[in-house]
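Let me begin by presenting the structure, written as structure tokens, before commenting on it.
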Amino acid sequence: MVEAYQRRSALAHFGLNALASQKADGAGITLGESAHRAIINIRGDAKDPAFTAAVKNATGCDLPAAANTVATAGDVRILWLGPDEWWVVGTDARRAGLIDGLRSAFAGQHTNVTDVSESRTVITMTGPAARDVLARGISLDLHPRAFGPGQCAQTSLSRTNVLLHQTDNAPSYEIYVLKSFADYLWRWIGLIAEDFGMAVKAE
Amino acid sequence: MSQTNRLNTGGRIDRSRVVTFTFDGKSYSGFAGDTLASALLANGVRLVGRSFKYHRPRGIVTAGAEEPNALIQLGVGARTEPNTRATQIEIYDGLVSESQNRWPSLTFDIGAINSLIHRFIPAGFYYKTFMWPAKAWLFYEKFIRNAAGLGKGPTAPDPDRYDKLYHTCDVLVVGAGPAGLAAALAAGRTGARVVLADEQSELGGSLLSESSATVNGQAASAWIADALRELGALHDVKLLPRTTAFAYYDHNAMSLVERLTDHLGPTDGKPRQRLWRIRAKKIILATGAIERPLVYLDNDRPGCMTVSAVRTYVNRYGVMPGRRVVLMTNNDSAYRVALDLANAGVTVPVIVDLRAEVTGPLAKAVREKGIEILAGHAIAKVHGEQGVKEVEVARLSDDGKSVTGSARRISCDCVGTSGGWQPTVHLHSQTRSKVKWDDALNGFVPGDTIPGQNFVSIGGAHGVFDLAACLTEGHVAGTTGALEAGNGGNAGSAPTADAAAEEQPQRPLWIVPGEKPVGQGGKHFIDYQNDVTAGDVMLAHREGYRSVEHLKRYTTMGMATDQGKTSNVNALAIMAGLRNVDIPSVGITTYRPPYTPVTFGVFAGRDKEDFLEPIRKTPMHVWHEDHGAKFEPVGQWHRAWYYPKPGESMHDAVNREVKAVRTSVGIVDASTLGKIDVQGPDAAWFLDMVYTNAWSKLGVGKCRYGFMCGEDGMVFDDGVTSRIAENHFHMTTTTGGAPRVMAWLEEWHQCEWPDKKVYFTSVTEQWAVIAIGGPMARKLLGEVCTDIPLDDASFPHLSFKEGTVAGVPARVFRITFTGDLSYEINVPPSYGLHVWRAFMQAGEKYGITPYGTEGLHVLRAEKGYVIVGQDTDGTVTPQDLGMDWIVSKAKPDFIGRRSMLRSDTKRPDRKHLVGLLTEDPKVVVPDGAQIVEHLKDRPPMTMLGHVTSSYWSPNMERSIAMGLVKNGRNRMGQTLYACWENNRVKMKVTEPKFFDPEGARVNG
Amino acid sequence: MFVINCPYCGPRDEHEFGYGHEAHIARPTLEQQGTMSDAEWANYLFLRTNTKGVHFERWVHTKGCRRWFNVARHTVTHEILKVYKMGEPKPDISAENLPR
């Protein structure tokens, strides 16, 4: 098998560890990459108890029924994408297990499991200026009254389609983006952050 | 001479901070808080520009955004900006400003000769003279355009940075005068998310020009300070001074431009301006009103301005706009100003009132100050070429249409006039909400709000001028708006003011008669910026251009950069008088964005240069960069185009790459191909519907090429799709077509066949794709992949296997777009670079050659494979491409089938894709060259079609081309001509297959 | 710039959506296709109403949930009068009974 060091994240060419060692006092945001996550696209009927039970059974996590929300159980999260579509997100190590578990739990149902882990990377953003930075590219209202931890939305950030997930009140966000756009999006955030100050989190 | 017209006290300027600037090369000083207009007036400068058409000397007319005259070329070099309003420019140290539309100098201007020949260039002159003969316009135009135009645009790229952002709020208040401040306070106190924006540097609006008003029993200025302090402490209230709301779009979206550093001068670092794109639940328009100047004889002499401008300069800026100021009015507003002037020590020799009688407490107060009031009089003429020197005042006839008796000459250096107030309905009107005429006000006020927008106009913006009423309206609007948006907090109590004394009605007199009839000596200007006079409106009327739309276009009235803010109503009223109809019957034009001009830079924001469009990069992009690849944009992707070695031209590099594929092995990054995962019991049924060929019987592990057509039967995408399992397919699409195909599949599934059990998932980026092709491809793959048997029997053409390539789990497809023995290796993108390197390393001994999109295109053209979108254009059927075999005759239905039976699609002489070979094999015809059968000396000729693909084929050692040619398949062997520019080249029609026509090479 | 209330994701800016075409135009069945004249087929393919007033149209939430849905929109005022899921019946909305 291939060696782990041969594996590259979508933002590897920026050398995030080296950037992370640079001084960035008073940075408005801290940016990082959470690479190689398991992202498994599942489809099914949320009103079908057999389906929801199968999801719970395979992942240990409830299927979030409400639009634009995220359910979490341990190191597994399920993100709402649409009325019959979710992402099961976990660590790289759990990828194969989750996929197999979901497939066997779904046996006999008209559902779908597609591995999309490799298609996207996750840019993490945290800090007091995170909302200001995002407002430069997202038309969604991210005011605390409108969007808070545990909520997610598929939308566009600048000229890129993303899934945005707020994880805490720092505020912190996880931005799921197609790998081909990751270079552009990282540079775009860097451009915006010129006015706010930016630090980089080591891998 | 320094600030000779500056008052010693009063105003909101900071006399402790002197600011120096230049105007037309001369240095002046003003104070912090001055606009360029107030500073120039303080220095006694009245002449600031030349008019557009007649080059007449012009001065400052207003003190705000409505300024039609004082247009300034601001700044130098790349930062120079034309047509900025001196009344809105805050001065800073080192500011450089210049007057416009004059040569060689402002005081001596050659173009002013237009003024002498004015009777030969009336309204419509250009249309009448230069439009005939029609062709000659092309000749005249450039001279006319040269002579016209105010100011000069910068020629270098804009060096400044611009910011833009989205914002959402409950209540957006536009305008921070008394009504707007009261609204923001009420809304803010409830806890609502509020934005209060105002175009001026200070919030306060008309109160900033007040001398004696009180709110809540304190001086207006003190109340403003308190209000701002309170608003500033509210967490969810944003105060945006220097911010113009310039565009009101659908569903309560407002665009505003905030000037961040314009008042500081050029700054490096900070953004210069910011575009706010605000979506508000409720918008409160508190935009105030604009005073109309009166239309009187030679009313454009520098020194002629509106009464409200006079007031603002005296009270807000501590500037005397003149030493002797004559006021002419048709309403009461001049009287307050006369008192302010008198208190400031400015002489007001006389107030000329168009009304026959003047009574009331204001008039009484003015008379008590010893100021003479000439009721029933008019200014019949203004003297002073480069600045007002004297006015002639005469008694008005009873009907107001002429002056009678002998005129009295009164010396003065400034004339302030007031023709009443027009509410600033621009933003209201931008929503396409109607305006309605108000007889008492003599102006347009907002009519009903168009459904779908949620806003209200308050205060001056809807014709309410009484301070107490404005404050109450603001408070109510703010409270209501916040409540509608779900904020039920306590709005506190409304600010109060003493009710104003009742005012005497105005006398609308749209043309103030002069010493001579209109048009027979001197000019009654209406639209200063475009030099439209009352005489021009009369001419338009005589010539039949009587509706507002005709009037506007014929005279250019209201079409300048100020959009007629001070002139529209005057012009409409004059036309109404000529037509003997009421003013609304003439109509009013709909205002459109922007309210005031907005620089392009702020719209672009940071979306320029590298950020104009995202650049999508494949996992192997860094390798291509490191190896000198030139890139080609394909959609948003940047794909390696070719890899020149040192000293190689593009031609050399592509030839080398193409030959290597045919003789050894080439490698290409095909990751950008669209990929869609199709799963479900009805997957095969679905493919049968969206592709023209049959899929149900495709074996598991097999691949098939297919066309997708629109319901019109025209090809719109193609690709190879493979059956991974009974109910599981891996579909590929063109690079550019991937999102379109995905949306297409979903639309048919969700809208037409929702009961079919199938799911589609885009997996374009789940796989990095490395294609290797050429005679050595199998051998090479065998060295990098050891767990897939590669012999033809185990792994034939058009099949796929799963295995391990360079230690990485892979799907390997034996398919080709070059006609050679080829494999497309799909691996996880995080390992894409690793696998690519593994192939490069193992392939070194075979001379493995990376090739780009150009080489790929040559290789496929040698084989006659089409590129959808290059060899097709949405009007081409599979049959037109000579690919009848790909259209199933057995399937009962598929998208596009019925259209293929239409008489037009069945026609035998449609345009067909054919091969085209030049007579001279060295000539490569450009794509797009027209195909002609019968040459003529010059166009027009009957065109049969065009060349769609054309290349030099190093493997054929000649040029090759394909083209869509009318009745082409029935022209085999015929000689036609390719024509482009002055070239005529003989080409022979052939089958579109040039290299390896029998297709033996896919087997290596 | 509209706000469109996606039936699944909630209100979002217009730029997240794609406009499809006029709604409630069913694809002719195979039987119908067999008996339709070329002119009738062309009518299905190409001819659309050009409504001044309430227009029923198909949109897709391209940048969100990727679901198609229908919208009743007033083409003069740009009011979005109703948003409804695919498969739901065409609402009874016209110039005479605008739900304002």
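Each chain in the structure tokens gets a letter, A, B, ..., in the order shown, and its residues are numbered from 1; ligands are numbered from 1 in order too.
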
Chain B residues near chain A (8 Å cut-off, only C-alpha atoms) as a ChimeraX atom specification:
/B:163-168,270,611,613-619,622,677,679-680,757,759,761,763-767,806-808,828-831,833-834

For chain B, list the residues within 6 Å of chain C, counting only C-alpha atoms, and write the list as number ranges by chain.
B: 250-251, 452, 902

When you get a sec, could you note down which chain C residues fall within 7 Å of chain A, using only C-alpha atoms, as a ChimeraX atom specification?
/C:8-9,13,16,63-65

Can you write just those residues out, C-alpha atoms, as an mmCIF file, in the first residue's frame?
```cif
data_model
loop_
_atom_site.group_PDB
_atom_site.id
_atom_site.type_symbol
_atom_site.label_atom_id
_atom_site.label_comp_id
_atom_site.auth_asym_id
_atom_site.auth_seq_id
_atom_site.Cartn_x
_atom_site.Cartn_y
_atom_site.Cartn_z
ATOM 1 C CA TYR C 8 -36.809 23.251 1.749
ATOM 2 C CA CYS C 9 -34.022 25.638 2.817
ATOM 3 C CA ASP C 13 -30.987 35.406 -2.273
ATOM 4 C CA GLU C 16 -28.413 30.953 -5.190
ATOM 5 C CA LYS C 63 -26.383 26.511 -4.646
ATOM 6 C CA GLY C 64 -28.470 25.014 -1.867
ATOM 7 C CA CYS C 65 -30.459 21.785 -1.789
#
```

Contacts of Ser888 of chain B at 12 Å (only C-alpha atoms; same-chain gap of 3+ positions) as a PyMOL selection string:
chain B and resi 688-696+706-707+878-879+883-885+891-897+900

Write the selection just made, keeping N, CA and C atoms, as a short mmCIF file (atom, residue, chain, number, x, y, z; two decimals), in the first residue's frame?
```cif
data_model
loop_
_atom_site.label_atom_id
_atom_site.label_comp_id
_atom_site.auth_asym_id
_atom_site.auth_seq_id
_atom_site.Cartn_x
_atom_site.Cartn_y
_atom_site.Cartn_z
N ASP B 688 -31.54 5.11 -20.35
CA ASP B 688 -32.20 4.89 -21.64
C ASP B 688 -32.97 6.13 -22.08
N MET B 689 -33.50 6.85 -21.10
CA MET B 689 -34.28 8.05 -21.44
C MET B 689 -33.40 9.24 -21.80
N VAL B 690 -32.26 9.39 -21.12
CA VAL B 690 -31.46 10.60 -21.34
C VAL B 690 -30.39 10.44 -22.42
N TYR B 691 -30.03 9.20 -22.71
CA TYR B 691 -29.08 8.97 -23.81
C TYR B 691 -29.85 8.52 -25.04
N THR B 692 -29.25 8.70 -26.20
CA THR B 692 -29.95 8.28 -27.43
C THR B 692 -29.78 6.79 -27.69
N ASN B 693 -28.76 6.18 -27.08
CA ASN B 693 -28.56 4.76 -27.34
C ASN B 693 -29.05 3.93 -26.15
N ALA B 694 -28.93 2.63 -26.25
CA ALA B 694 -29.55 1.72 -25.27
C ALA B 694 -28.56 1.33 -24.19
N TRP B 695 -29.02 1.26 -22.93
CA TRP B 695 -28.15 1.01 -21.80
C TRP B 695 -28.57 -0.21 -20.97
N SER B 696 -29.83 -0.58 -21.10
CA SER B 696 -30.33 -1.62 -20.21
C SER B 696 -29.51 -2.90 -20.30
N GLY B 706 -21.96 7.63 -25.15
CA GLY B 706 -23.32 8.06 -25.45
C GLY B 706 -23.45 9.55 -25.70
N PHE B 707 -24.51 9.88 -26.42
CA PHE B 707 -24.89 11.27 -26.65
C PHE B 707 -26.12 11.59 -25.82
N PRO B 878 -27.38 13.96 -33.78
CA PRO B 878 -26.42 12.87 -33.96
C PRO B 878 -26.32 12.46 -35.44
N GLN B 879 -27.47 12.51 -36.13
CA GLN B 879 -27.47 12.14 -37.55
C GLN B 879 -26.65 13.13 -38.36
N MET B 883 -23.60 9.97 -37.11
CA MET B 883 -23.53 8.96 -36.07
C MET B 883 -24.90 8.34 -35.81
N ASP B 884 -25.58 8.00 -36.87
CA ASP B 884 -26.90 7.36 -36.75
C ASP B 884 -26.84 6.15 -35.82
N TRP B 885 -25.70 5.47 -35.85
CA TRP B 885 -25.56 4.25 -35.07
C TRP B 885 -25.75 4.45 -33.57
N LYS B 891 -35.52 1.51 -28.92
CA LYS B 891 -36.12 2.08 -27.70
C LYS B 891 -37.42 2.81 -28.05
N PRO B 892 -38.48 2.60 -27.26
CA PRO B 892 -39.72 3.31 -27.57
C PRO B 892 -39.58 4.82 -27.36
N ASP B 893 -38.81 5.21 -26.36
CA ASP B 893 -38.78 6.64 -26.05
C ASP B 893 -37.42 7.03 -25.50
N PHE B 894 -37.00 8.22 -25.80
CA PHE B 894 -35.87 8.86 -25.14
C PHE B 894 -35.98 10.35 -25.43
N ILE B 895 -35.31 11.14 -24.63
CA ILE B 895 -35.42 12.60 -24.80
C ILE B 895 -34.81 12.99 -26.14
N GLY B 896 -35.60 13.63 -26.96
CA GLY B 896 -35.13 14.05 -28.28
C GLY B 896 -35.66 13.19 -29.41
N ARG B 897 -36.25 12.04 -29.05
CA ARG B 897 -36.66 11.10 -30.11
C ARG B 897 -37.70 11.70 -31.04
N MET B 900 -36.49 14.10 -33.58
CA MET B 900 -35.71 13.54 -34.70
C MET B 900 -36.62 13.09 -35.84
#
```

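Counting from atom CA of Thr990 of chain B, the distance to atom CA of His857 of chain B is 19.2 Å.
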